[in-house]
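Dumped run-v6.cif below, it's mmCIF, C-alpha atoms and all ligand atoms:
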```
data_data
loop_
_atom_site.group_PDB
_atom_site.id
_atom_site.type_symbol
_atom_site.label_atom_id
_atom_site.label_comp_id
_atom_site.auth_asym_id
_atom_site.auth_seq_id
_atom_site.Cartn_x
_atom_site.Cartn_y
_atom_site.Cartn_z
ATOM 1 C CA MET C 1 -2.687 11.973 -18.335
ATOM 2 C CA ARG C 2 -1.233 9.155 -20.429
ATOM 3 C CA SER C 3 0.204 6.700 -17.972
ATOM 4 C CA VAL C 4 -0.138 5.735 -14.286
ATOM 5 C CA LEU C 5 2.230 3.479 -12.353
ATOM 6 C CA ALA C 6 0.764 1.769 -9.261
ATOM 7 C CA SER C 7 2.131 -0.848 -6.854
ATOM 8 C CA ALA C 8 0.488 -3.420 -4.594
ATOM 9 C CA PRO C 9 1.964 -5.601 -1.852
ATOM 10 C CA ALA C 10 2.282 -9.334 -1.213
ATOM 11 C CA LYS C 11 0.626 -10.684 1.921
ATOM 12 C CA VAL C 12 1.332 -13.267 4.553
ATOM 13 C CA ASN C 13 -1.358 -14.698 6.851
ATOM 14 C CA LEU C 14 -0.084 -14.647 10.442
ATOM 15 C CA ALA C 15 -3.061 -16.831 11.266
ATOM 16 C CA LEU C 16 -5.414 -18.568 8.864
ATOM 17 C CA ARG C 17 -8.288 -20.394 10.541
ATOM 18 C CA VAL C 18 -10.652 -22.167 8.161
ATOM 19 C CA GLY C 19 -14.217 -23.364 8.731
ATOM 20 C CA PRO C 20 -16.318 -25.854 6.798
ATOM 21 C CA PRO C 21 -17.410 -24.769 3.301
ATOM 22 C CA ARG C 22 -20.435 -22.513 2.924
ATOM 23 C CA LEU C 23 -23.235 -23.286 0.517
ATOM 24 C CA ASP C 24 -21.465 -21.203 -2.166
ATOM 25 C CA GLY C 25 -18.368 -23.442 -1.821
ATOM 26 C CA TYR C 26 -16.173 -20.773 -0.206
ATOM 27 C CA HIS C 27 -14.706 -21.420 3.220
ATOM 28 C CA PRO C 28 -15.394 -18.999 6.069
ATOM 29 C CA LEU C 29 -12.081 -17.652 7.359
ATOM 30 C CA ASP C 30 -10.784 -15.951 10.450
ATOM 31 C CA THR C 31 -7.432 -14.565 9.441
ATOM 32 C CA VAL C 32 -4.819 -11.921 10.193
ATOM 33 C CA PHE C 33 -3.231 -10.447 7.072
ATOM 34 C CA GLU C 34 0.060 -8.585 6.961
ATOM 35 C CA ALA C 35 1.213 -6.746 3.830
ATOM 36 C CA LEU C 36 4.909 -7.187 2.990
ATOM 37 C CA ASP C 37 7.229 -4.852 1.114
ATOM 38 C CA ILE C 38 7.445 -7.129 -1.909
ATOM 39 C CA PHE C 39 5.485 -5.192 -4.537
ATOM 40 C CA ASP C 40 4.182 -5.899 -8.022
ATOM 41 C CA ASP C 41 4.032 -2.802 -10.248
ATOM 42 C CA VAL C 42 1.332 -2.173 -12.829
ATOM 43 C CA GLU C 43 1.802 0.549 -15.439
ATOM 44 C CA ALA C 44 -1.488 1.500 -17.083
ATOM 45 C CA THR C 45 -1.170 3.443 -20.350
ATOM 46 C CA SER C 46 -4.167 4.835 -22.274
ATOM 47 C CA VAL C 47 -4.787 3.582 -25.766
ATOM 48 C CA SER C 48 -6.970 5.155 -28.457
ATOM 49 C CA ASP C 49 -9.308 2.175 -28.924
ATOM 50 C CA SER C 50 -11.247 0.254 -26.246
ATOM 51 C CA SER C 51 -8.850 -2.716 -25.976
ATOM 52 C CA VAL C 52 -7.408 -4.022 -22.686
ATOM 53 C CA THR C 53 -4.016 -5.658 -23.222
ATOM 54 C CA LEU C 54 -1.369 -6.999 -20.856
ATOM 55 C CA SER C 55 2.347 -7.733 -20.900
ATOM 56 C CA ILE C 56 4.345 -9.168 -17.997
ATOM 57 C CA SER C 57 8.015 -8.913 -17.097
ATOM 58 C CA GLY C 58 9.961 -10.331 -14.186
ATOM 59 C CA LEU C 59 8.379 -13.441 -12.658
ATOM 60 C CA GLY C 60 5.309 -14.977 -14.282
ATOM 61 C CA GLU C 61 6.159 -14.549 -17.948
ATOM 62 C CA ASP C 62 4.147 -17.745 -18.587
ATOM 63 C CA LEU C 63 0.946 -16.361 -17.036
ATOM 64 C CA PRO C 64 -2.093 -15.820 -19.300
ATOM 65 C CA VAL C 65 -2.454 -12.257 -20.591
ATOM 66 C CA ASP C 66 -6.179 -12.448 -21.427
ATOM 67 C CA SER C 67 -9.203 -12.217 -19.098
ATOM 68 C CA ARG C 68 -7.979 -15.291 -17.175
ATOM 69 C CA ASN C 69 -5.455 -12.859 -15.696
ATOM 70 C CA LEU C 70 -6.945 -10.987 -12.726
ATOM 71 C CA ALA C 71 -5.311 -7.714 -13.817
ATOM 72 C CA VAL C 72 -7.157 -7.817 -17.165
ATOM 73 C CA SER C 73 -10.407 -8.753 -15.369
ATOM 74 C CA ALA C 74 -9.916 -5.789 -13.029
ATOM 75 C CA ALA C 75 -9.542 -3.309 -15.929
ATOM 76 C CA LEU C 76 -12.534 -4.854 -17.761
ATOM 77 C CA LEU C 77 -14.652 -4.652 -14.594
ATOM 78 C CA LEU C 78 -13.999 -0.886 -14.228
ATOM 79 C CA GLN C 79 -14.408 -0.288 -17.960
ATOM 80 C CA GLU C 80 -17.781 -2.048 -18.094
ATOM 81 C CA ARG C 81 -19.192 -0.861 -14.753
ATOM 82 C CA PHE C 82 -18.398 2.819 -15.433
ATOM 83 C CA ALA C 83 -18.873 2.753 -19.232
ATOM 84 C CA VAL C 84 -15.302 3.943 -19.850
ATOM 85 C CA PRO C 85 -14.985 4.511 -23.627
ATOM 86 C CA THR C 86 -11.206 4.011 -23.841
ATOM 87 C CA GLY C 87 -8.980 1.010 -23.252
ATOM 88 C CA VAL C 88 -5.683 0.468 -21.501
ATOM 89 C CA ALA C 89 -2.338 -1.251 -22.062
ATOM 90 C CA LEU C 90 -1.230 -2.858 -18.788
ATOM 91 C CA ARG C 91 2.389 -3.733 -18.061
ATOM 92 C CA ILE C 92 3.115 -5.747 -14.920
ATOM 93 C CA THR C 93 6.537 -5.973 -13.308
ATOM 94 C CA LYS C 94 6.183 -9.077 -11.185
ATOM 95 C CA ARG C 95 8.157 -9.706 -8.001
ATOM 96 C CA ILE C 96 5.583 -11.606 -5.923
ATOM 97 C CA PRO C 97 5.921 -15.391 -6.410
ATOM 98 C CA VAL C 98 3.281 -16.870 -8.733
ATOM 99 C CA ALA C 99 0.755 -19.256 -7.075
ATOM 100 C CA GLY C 100 2.789 -18.968 -3.879
ATOM 101 C CA GLY C 101 0.103 -18.202 -1.290
ATOM 102 C CA MET C 102 1.165 -14.543 -1.155
ATOM 103 C CA ALA C 103 -1.712 -13.023 -3.158
ATOM 104 C CA GLY C 104 0.406 -12.210 -6.220
ATOM 105 C CA GLY C 105 -2.528 -12.329 -8.663
ATOM 106 C CA SER C 106 -4.684 -10.348 -6.245
ATOM 107 C CA ALA C 107 -1.959 -7.707 -5.892
ATOM 108 C CA ASP C 108 -1.934 -7.277 -9.680
ATOM 109 C CA ALA C 109 -5.719 -6.808 -9.658
ATOM 110 C CA ALA C 110 -5.422 -4.338 -6.755
ATOM 111 C CA ALA C 111 -2.713 -2.276 -8.481
ATOM 112 C CA THR C 112 -4.714 -2.309 -11.737
ATOM 113 C CA LEU C 113 -7.868 -1.026 -9.987
ATOM 114 C CA VAL C 114 -5.897 1.792 -8.350
ATOM 115 C CA ALA C 115 -4.033 2.682 -11.580
ATOM 116 C CA CYS C 116 -7.144 2.651 -13.821
ATOM 117 C CA ASN C 117 -9.166 4.605 -11.236
ATOM 118 C CA LYS C 118 -6.597 7.397 -11.655
ATOM 119 C CA LEU C 119 -6.047 7.005 -15.415
ATOM 120 C CA TRP C 120 -9.784 7.144 -16.163
ATOM 121 C CA ASN C 121 -10.530 9.864 -13.544
ATOM 122 C CA LEU C 122 -13.157 7.675 -11.858
ATOM 123 C CA ASP C 123 -12.586 9.188 -8.379
ATOM 124 C CA LEU C 124 -13.575 5.970 -6.598
ATOM 125 C CA SER C 125 -12.799 5.826 -2.863
ATOM 126 C CA THR C 126 -10.634 3.113 -1.286
ATOM 127 C CA ASP C 127 -13.814 1.495 0.101
ATOM 128 C CA GLN C 128 -15.417 1.463 -3.353
ATOM 129 C CA LEU C 129 -12.276 -0.043 -4.892
ATOM 130 C CA MET C 130 -12.211 -2.703 -2.151
ATOM 131 C CA GLU C 131 -15.841 -3.578 -2.856
ATOM 132 C CA LEU C 132 -15.088 -3.982 -6.562
ATOM 133 C CA GLY C 133 -11.944 -5.948 -5.662
ATOM 134 C CA ALA C 134 -14.031 -8.467 -3.693
ATOM 135 C CA GLU C 135 -15.844 -9.334 -6.934
ATOM 136 C CA LEU C 136 -12.491 -10.360 -8.433
ATOM 137 C CA GLY C 137 -11.018 -12.426 -5.580
ATOM 138 C CA SER C 138 -11.074 -12.874 -1.814
ATOM 139 C CA ASP C 139 -7.592 -11.344 -1.230
ATOM 140 C CA VAL C 140 -7.954 -8.326 -3.536
ATOM 141 C CA PRO C 141 -9.541 -6.026 -0.884
ATOM 142 C CA PHE C 142 -6.632 -6.657 1.503
ATOM 143 C CA CYS C 143 -4.053 -5.920 -1.225
ATOM 144 C CA ILE C 144 -5.791 -2.546 -1.643
ATOM 145 C CA LEU C 145 -5.988 -1.848 2.117
ATOM 146 C CA GLY C 146 -2.528 -3.152 3.101
ATOM 147 C CA SER C 147 -0.856 -2.873 6.532
ATOM 148 C CA LEU C 148 -2.301 -5.249 9.139
ATOM 149 C CA ALA C 149 -5.920 -6.405 9.204
ATOM 150 C CA HIS C 150 -8.327 -8.946 10.650
ATOM 151 C CA GLY C 151 -10.216 -10.726 7.877
ATOM 152 C CA THR C 152 -13.473 -12.657 8.059
ATOM 153 C CA GLY C 153 -16.100 -13.787 5.532
ATOM 154 C CA ARG C 154 -14.101 -15.449 2.737
ATOM 155 C CA GLY C 155 -11.246 -13.061 3.624
ATOM 156 C CA GLU C 156 -12.811 -9.950 2.097
ATOM 157 C CA VAL C 157 -14.422 -8.487 5.256
ATOM 158 C CA LEU C 158 -11.609 -6.457 6.787
ATOM 159 C CA ARG C 159 -10.932 -4.544 9.980
ATOM 160 C CA PRO C 160 -7.604 -2.685 10.198
ATOM 161 C CA LEU C 161 -5.447 -3.563 13.228
ATOM 162 C CA LYS C 162 -3.239 -1.102 15.089
ATOM 163 C CA VAL C 163 0.368 -1.374 13.916
ATOM 164 C CA GLY C 164 3.013 -1.821 16.610
ATOM 165 C CA VAL C 165 6.595 -2.789 15.783
ATOM 166 C CA MET C 166 7.782 -3.601 12.263
ATOM 167 C CA HIS C 167 8.240 -7.295 11.469
ATOM 168 C CA SER C 168 11.257 -8.780 9.690
ATOM 169 C CA TRP C 169 10.563 -11.802 7.509
ATOM 170 C CA VAL C 170 12.497 -14.366 5.537
ATOM 171 C CA ILE C 171 10.442 -15.773 2.670
ATOM 172 C CA LEU C 172 11.208 -19.133 1.057
ATOM 173 C CA THR C 173 9.580 -19.444 -2.336
ATOM 174 C CA GLN C 174 9.351 -22.580 -4.456
ATOM 175 C CA ARG C 175 9.738 -22.745 -8.207
ATOM 176 C CA GLN C 176 6.523 -24.773 -8.542
ATOM 177 C CA GLY C 177 3.356 -23.026 -7.280
ATOM 178 C CA LEU C 178 0.289 -24.586 -5.667
ATOM 179 C CA SER C 179 -3.372 -24.285 -6.672
ATOM 180 C CA THR C 180 -5.511 -22.605 -3.979
ATOM 181 C CA PRO C 181 -8.747 -24.486 -4.901
ATOM 182 C CA GLU C 182 -6.823 -27.778 -4.765
ATOM 183 C CA VAL C 183 -5.582 -27.067 -1.226
ATOM 184 C CA PHE C 184 -9.090 -26.095 -0.062
ATOM 185 C CA ARG C 185 -10.476 -29.311 -1.642
ATOM 186 C CA GLU C 186 -7.866 -31.321 0.257
ATOM 187 C CA PHE C 187 -8.838 -29.436 3.445
ATOM 188 C CA ASP C 188 -12.430 -30.625 2.894
ATOM 189 C CA SER C 189 -11.447 -34.250 2.429
ATOM 190 C CA LEU C 190 -9.219 -34.217 5.535
ATOM 191 C CA MET C 191 -11.919 -32.600 7.650
ATOM 192 C CA ASP C 192 -14.650 -35.074 6.739
ATOM 193 C CA TYR C 193 -17.410 -33.054 8.413
ATOM 194 C CA VAL C 194 -21.035 -32.441 7.726
ATOM 195 C CA ARG C 195 -21.924 -28.832 6.968
ATOM 196 C CA ILE C 196 -21.930 -26.886 10.212
ATOM 197 C CA PRO C 197 -22.550 -23.183 10.789
ATOM 198 C CA GLU C 198 -19.740 -20.831 9.849
ATOM 199 C CA THR C 199 -19.594 -19.478 13.396
ATOM 200 C CA LEU C 200 -17.519 -22.569 14.164
ATOM 201 C CA VAL C 201 -14.362 -21.058 12.629
ATOM 202 C CA PRO C 202 -11.740 -20.765 15.417
ATOM 203 C CA ASP C 203 -11.042 -17.089 16.161
ATOM 204 C CA THR C 204 -7.746 -15.173 16.144
ATOM 205 C CA GLN C 205 -8.513 -12.829 19.044
ATOM 206 C CA ASP C 206 -5.387 -13.746 21.096
ATOM 207 C CA LEU C 207 -3.098 -13.147 18.130
ATOM 208 C CA GLN C 208 -4.706 -9.781 17.409
ATOM 209 C CA GLU C 209 -4.089 -8.743 21.034
ATOM 210 C CA ALA C 210 -0.452 -9.950 20.915
ATOM 211 C CA LEU C 211 0.063 -7.895 17.733
ATOM 212 C CA GLU C 212 -1.490 -4.801 19.278
ATOM 213 C CA ASP C 213 0.801 -5.284 22.331
ATOM 214 C CA SER C 214 3.849 -5.771 20.042
ATOM 215 C CA ASP C 215 4.580 -9.019 21.925
ATOM 216 C CA LEU C 216 6.552 -10.879 19.242
ATOM 217 C CA GLU C 217 7.072 -14.041 21.335
ATOM 218 C CA ALA C 218 3.315 -14.363 21.830
ATOM 219 C CA VAL C 219 2.730 -13.572 18.144
ATOM 220 C CA GLY C 220 5.067 -16.452 17.241
ATOM 221 C CA ARG C 221 3.318 -18.823 19.631
ATOM 222 C CA LEU C 222 -0.109 -17.936 18.210
ATOM 223 C CA MET C 223 0.761 -18.108 14.500
ATOM 224 C CA VAL C 224 -1.245 -20.907 12.866
ATOM 225 C CA ASN C 225 -2.299 -21.999 9.391
ATOM 226 C CA ASP C 226 -5.100 -24.559 8.975
ATOM 227 C CA LEU C 227 -4.122 -25.073 5.312
ATOM 228 C CA GLU C 228 -0.682 -26.508 6.183
ATOM 229 C CA GLN C 229 -1.854 -30.122 6.628
ATOM 230 C CA PRO C 230 -3.854 -30.212 3.358
ATOM 231 C CA ALA C 231 -0.969 -28.520 1.509
ATOM 232 C CA PHE C 232 1.440 -31.185 2.850
ATOM 233 C CA VAL C 233 -0.789 -33.876 1.301
ATOM 234 C CA VAL C 234 -0.498 -32.223 -2.125
ATOM 235 C CA ARG C 235 3.175 -31.301 -1.716
ATOM 236 C CA PRO C 236 5.035 -33.293 0.987
ATOM 237 C CA ASP C 237 8.219 -31.261 0.360
ATOM 238 C CA ILE C 238 6.633 -28.222 2.066
ATOM 239 C CA ARG C 239 6.700 -30.080 5.393
ATOM 240 C CA GLU C 240 10.464 -30.555 5.051
ATOM 241 C CA VAL C 241 11.101 -26.888 4.244
ATOM 242 C CA LEU C 242 8.866 -25.796 7.121
ATOM 243 C CA ARG C 243 10.568 -28.160 9.554
ATOM 244 C CA ALA C 244 14.021 -26.830 8.593
ATOM 245 C CA ALA C 245 12.863 -23.190 8.709
ATOM 246 C CA GLN C 246 11.382 -23.792 12.168
ATOM 247 C CA GLU C 247 14.970 -24.024 13.486
ATOM 248 C CA TYR C 248 15.385 -20.300 12.821
ATOM 249 C CA GLY C 249 13.754 -17.095 14.010
ATOM 250 C CA ILE C 250 10.718 -16.770 16.249
ATOM 251 C CA ARG C 251 8.402 -18.945 14.172
ATOM 252 C CA ALA C 252 7.988 -20.282 10.644
ATOM 253 C CA ILE C 253 4.633 -20.763 8.951
ATOM 254 C CA MET C 254 3.300 -21.619 5.507
ATOM 255 C CA SER C 255 1.820 -18.533 3.840
ATOM 256 C CA GLY C 256 -1.848 -18.742 2.776
ATOM 257 C CA SER C 257 -2.484 -21.844 0.658
ATOM 258 C CA GLY C 258 1.275 -22.313 0.143
ATOM 259 C CA PRO C 259 3.794 -23.408 -0.871
ATOM 260 C CA THR C 260 5.705 -20.304 0.337
ATOM 261 C CA VAL C 261 7.127 -20.558 3.857
ATOM 262 C CA ALA C 262 7.619 -17.379 5.925
ATOM 263 C CA VAL C 263 9.953 -17.054 8.926
ATOM 264 C CA LEU C 264 9.303 -14.267 11.438
ATOM 265 C CA ALA C 265 12.647 -13.048 12.820
ATOM 266 C CA ASP C 266 13.507 -10.933 15.882
ATOM 267 C CA ASP C 267 14.847 -7.988 13.892
ATOM 268 C CA PHE C 268 16.269 -6.839 10.536
ATOM 269 C CA SER C 269 19.833 -8.085 11.053
ATOM 270 C CA THR C 270 18.761 -11.486 12.429
ATOM 271 C CA ALA C 271 16.495 -11.867 9.391
ATOM 272 C CA ASP C 272 19.403 -11.028 7.061
ATOM 273 C CA ALA C 273 21.548 -13.694 8.754
ATOM 274 C CA ILE C 274 18.742 -16.301 8.593
ATOM 275 C CA ALA C 275 18.196 -15.526 4.895
ATOM 276 C CA GLY C 276 21.899 -16.191 4.233
ATOM 277 C CA LYS C 277 21.826 -19.509 6.089
ATOM 278 C CA LEU C 278 18.585 -20.721 4.479
ATOM 279 C CA SER C 279 19.759 -19.862 0.967
ATOM 280 C CA ARG C 280 22.866 -21.977 1.536
ATOM 281 C CA GLN C 281 20.753 -24.802 3.007
ATOM 282 C CA PHE C 282 18.155 -24.695 0.184
ATOM 283 C CA PRO C 283 19.960 -23.650 -3.017
ATOM 284 C CA GLU C 284 16.942 -24.827 -5.042
ATOM 285 C CA LEU C 285 14.613 -22.309 -3.309
ATOM 286 C CA THR C 286 14.502 -18.546 -3.749
ATOM 287 C CA VAL C 287 15.035 -16.836 -0.405
ATOM 288 C CA LEU C 288 13.708 -13.279 -0.074
ATOM 289 C CA ARG C 289 13.931 -10.730 2.734
ATOM 290 C CA ALA C 290 10.769 -8.771 3.462
ATOM 291 C CA ASN C 291 9.476 -6.377 6.082
ATOM 292 C CA GLY C 292 5.943 -5.570 7.155
ATOM 293 C CA PRO C 293 3.433 -4.195 7.622
ATOM 294 C CA ALA C 294 3.699 -2.445 4.245
ATOM 295 C CA ALA C 295 1.394 -0.006 2.456
ATOM 296 C CA GLY C 296 -1.596 -1.156 0.419
ATOM 297 C CA ALA C 297 -2.008 -0.519 -3.314
ATOM 298 C CA HIS C 298 -0.998 3.031 -4.238
ATOM 299 C CA VAL C 299 -0.169 5.256 -7.196
ATOM 300 C CA GLN C 300 3.594 5.832 -7.631
ATOM 301 C CA VAL C 301 3.901 7.981 -10.757
ATOM 302 C CA VAL C 302 1.522 9.838 -13.075
ATOM 303 C CA ARG C 303 2.811 10.878 -16.480
HETATM 304 O O1 LIG G 1 -11.651 -15.774 -4.010
HETATM 305 P P1 LIG G 1 -10.665 -16.418 -4.922
HETATM 306 O O2 LIG G 1 -11.121 -16.414 -6.355
HETATM 307 O O3 LIG G 1 -9.284 -15.895 -4.774
HETATM 308 O O4 LIG G 1 -10.591 -17.930 -4.479
HETATM 309 C C1 LIG G 1 -9.990 -18.914 -5.288
HETATM 310 C C2 LIG G 1 -10.519 -20.277 -4.870
HETATM 311 O O5 LIG G 1 -10.036 -20.610 -3.556
HETATM 312 C C3 LIG G 1 -12.029 -20.362 -4.762
HETATM 313 O O6 LIG G 1 -12.601 -20.703 -5.994
HETATM 314 C C4 LIG G 1 -12.205 -21.459 -3.742
HETATM 315 O O7 LIG G 1 -12.008 -22.721 -4.330
HETATM 316 C C5 LIG G 1 -11.030 -21.240 -2.800
HETATM 317 N N1 LIG G 1 -11.377 -20.409 -1.620
HETATM 318 C C6 LIG G 1 -12.188 -20.948 -0.642
HETATM 319 N N2 LIG G 1 -12.493 -20.194 0.463
HETATM 320 C C7 LIG G 1 -12.002 -18.946 0.617
HETATM 321 C C8 LIG G 1 -11.173 -18.382 -0.371
HETATM 322 C C9 LIG G 1 -10.869 -19.149 -1.491
HETATM 323 O O8 LIG G 1 -12.638 -22.085 -0.739
HETATM 324 N N3 LIG G 1 -12.298 -18.241 1.710
#
```
Please express what this file holds, its structure, as structure tokens.
Amino acid sequence: MRSVLASAPAKVNLALRVGPPRLDGYHPLDTVFEALDIFDDVEATSVSDSSVTLSISGLGEDLPVDSRNLAVSAALLLQERFAVPTGVALRITKRIPVAGGMAGGSADAAATLVACNKLWNLDLSTDQLMELGAELGSDVPFCILGSLAHGTGRGEVLRPLKVGVMHSWVILTQRQGLSTPEVFREFDSLMDYVRIPETLVPDTQDLQEALEDSDLEAVGRLMVNDLEQPAFVVRPDIREVLRAAQEYGIRAIMSGSGPTVAVLADDFSTADAIAGKLSRQFPELTVLRANGPAAGAHVQVVR
């Protein structure tokens, strides 16, 4: 085998409840993840020496291509942990917005783990890949698992949820991304609390039940993102986009740490119509159509 092509999905958080920071600095989360059918592709090709290299096409051509890139870190992690003697040339085709709150970097790491697992015949299970993924970033395990899941811990402890109806989304992405650590830091300064036990994270039980009952109205009512207020402090324009998007569909929410805004629509054709209207209203934004829940990271082609 010379080359493996794998894909991994973007995510949206239908709910993102955040607690006060733990002693390690991470914030305990109670979240519901949904994978969307916007995929980044990673092609992993064997090379004769032990080098790990990366090239990127599509979005994100300005991203670093050394070990600051999570895809390179993912390949290095497998190479070192399993003493793989050969290297890999990685080629990413990027469609997930960069620094958008949709786990684009994590998806690249997830697709790289899946591709290199196959290329190097490591035979690691999905659970093993998810465990390794958690060492790279909090969202990597979900990008491997995909579909719909309840997340706790720092987002890496996952429990799959039963999938009911498909969801139609309109995604509004900004040209300028947002730094996740910066939004969490702003969350801390807005909260102004003393350290309290992580059990004080609000739970998402009602939303999980509404999803399992396929009750879209209730899902819309229960969607919530605790990082919206801190993100508005860093980027006030997000509030405006969110307010305008709120006029459409069942409910609009900021995705993850932002700045992407996601609108949940009643069905495919309503979502198409909303996408048309929002792209006319916000010519400076990129408006995407997406559906979920979508599959987690998977191998597409082996050559
Ligand atoms: O886990 P990951 O490397 O993706 O997280 C990036 C940054 O986001 C962390 O360094 C931390 O500042 C913040 N973060 C957090 N709590 C989480 C997840 C991320 O504070 N649950």
If the limit is 10 Å from any atom of ligand LIG 1 (chain G), counting all atoms listed in the file, which residues qualify? Return them as a PyMOL selection string.
chain C and resi 16-22+24-31+70+103+105-106+133-140+151-156+179-185+187-188+256-257
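The set of residues that the PyMOL selection byres (((chain C and resi 162) around 6) and not hetatm) takes from this file is Leu161, Val163 and Glu212 of chain C.
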Please provide the set of residues having any atom within 9 Å of segment 290-298 of chain C, restricted to all atoms listed in the file, with same-chain residues fewer than 3 positions apart removed, written as a PyMOL selection string.
chain C and resi 5-10+34-39+107+110-111+113-115+142-148+163+165-171+268+271
For the file shown, report as a VMD selection string the outcome of the PyMOL selection byres (((chain C and resi 265) around 7) and not hetatm) at residue level.
chain C and resid 168 to 169 249 to 250 263 to 264 266 to 267 270 to 271
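Omitting Arg175 of chain C and its sequence neighbours fewer than 6 positions away, and counting only C-alpha atoms, the residues within 12 Å are Leu59, Gly60, Pro97, Val98, Ala99, Gly100, Gly258, Pro259, Thr260, Pro283, Glu284, Leu285, Thr286 and Val287 of chain C.
Between Thr93 of chain C and the residues C:Gln176, C:Gln208, C:Ser57, C:Ser125, the shortest atom-to-atom distance, using all atoms listed in the file, involves C:Ser57.
Atom CA of Val52 of chain C is positioned 10.8 Å from atom CA of Arg91 of chain C.
In this structure, atom CA of Ala71 of chain C sits 11.0 Å away from atom CA of Glu43 of chain C.
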Name every residue that the PyMOL selection byres (((chain C and resi 46) around 10) and not hetatm) selects in this structure, writing the answer as an MDAnalysis selection string with chains first and numbers rising.
chainID C and resid 1:4 44:45 47:52 86:90 116 119:120
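Closest to Ile238 of chain C among C:Leu211, C:Met223, C:Leu132, C:Leu178 is C:Leu178, based on all atoms listed in the file.
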What is the atom CA of Ile274 of chain C-atom CA of Glu228 of chain C distance in Å, reported with one decimal?
22.1 Å
Within 10 Å of file point (8.5, -24.1, 20.7), counting only C-alpha atoms, expressed as a PyMOL selection string:
chain C and resi 220-221+246-247+250-251
Hey, which of C:Lys118, C:His150, C:Arg95, C:Arg68 ends up closest to Leu207 of chain C? Count all atoms listed in the file.
C:His150
Of C:Leu54, C:Leu63, C:Ala275, C:Met254, the one nearest to Met102 of chain C when counting all atoms listed in the file is C:Met254
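Minimum atom-to-atom distances from C:Val42, C:Leu278, C:Leu23, C:Leu222 to Ala244 of chain C were compared using only C-alpha atoms, and the lowest value belongs to C:Leu278.
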Reconstructed N, CA, C and O atoms for segment 10-21 of chain C, given as a compact mmCIF listing (two decimals), in the frame of the given file:
```txt
# COMPACT_ATOMS: atom_id res chain seq x y z
N ALA C 10 2.54 -7.93 -1.55
CA ALA C 10 2.28 -9.33 -1.21
C ALA C 10 1.70 -9.38 0.19
O ALA C 10 1.79 -8.41 0.95
N LYS C 11 1.11 -10.52 0.54
CA LYS C 11 0.63 -10.68 1.92
C LYS C 11 1.11 -12.00 2.50
O LYS C 11 1.43 -12.96 1.77
N VAL C 12 1.16 -12.01 3.84
CA VAL C 12 1.33 -13.27 4.55
C VAL C 12 0.17 -13.34 5.54
O VAL C 12 -0.32 -12.30 5.99
N ASN C 13 -0.32 -14.55 5.81
CA ASN C 13 -1.36 -14.70 6.85
C ASN C 13 -0.66 -15.14 8.12
O ASN C 13 -0.08 -16.22 8.18
N LEU C 14 -0.69 -14.28 9.15
CA LEU C 14 -0.08 -14.65 10.44
C LEU C 14 -0.91 -15.75 11.09
O LEU C 14 -0.37 -16.58 11.82
N ALA C 15 -2.19 -15.73 10.86
CA ALA C 15 -3.06 -16.83 11.27
C ALA C 15 -4.08 -17.02 10.16
O ALA C 15 -4.53 -16.04 9.55
N LEU C 16 -4.40 -18.27 9.88
CA LEU C 16 -5.41 -18.57 8.86
C LEU C 16 -6.24 -19.72 9.40
O LEU C 16 -5.82 -20.88 9.35
N ARG C 17 -7.38 -19.38 10.01
CA ARG C 17 -8.29 -20.39 10.54
C ARG C 17 -9.39 -20.60 9.53
O ARG C 17 -9.92 -19.62 8.97
N VAL C 18 -9.72 -21.84 9.25
CA VAL C 18 -10.65 -22.17 8.16
C VAL C 18 -11.81 -22.99 8.71
O VAL C 18 -11.59 -23.95 9.45
N GLY C 19 -13.03 -22.61 8.33
CA GLY C 19 -14.22 -23.36 8.73
C GLY C 19 -14.72 -24.23 7.59
O GLY C 19 -14.17 -24.19 6.47
N PRO C 20 -15.75 -24.99 7.84
CA PRO C 20 -16.32 -25.85 6.80
C PRO C 20 -16.94 -25.03 5.67
O PRO C 20 -17.41 -23.92 5.90
N PRO C 21 -16.95 -25.58 4.44
CA PRO C 21 -17.41 -24.77 3.30
C PRO C 21 -18.85 -24.29 3.44
O PRO C 21 -19.69 -24.97 4.01
```
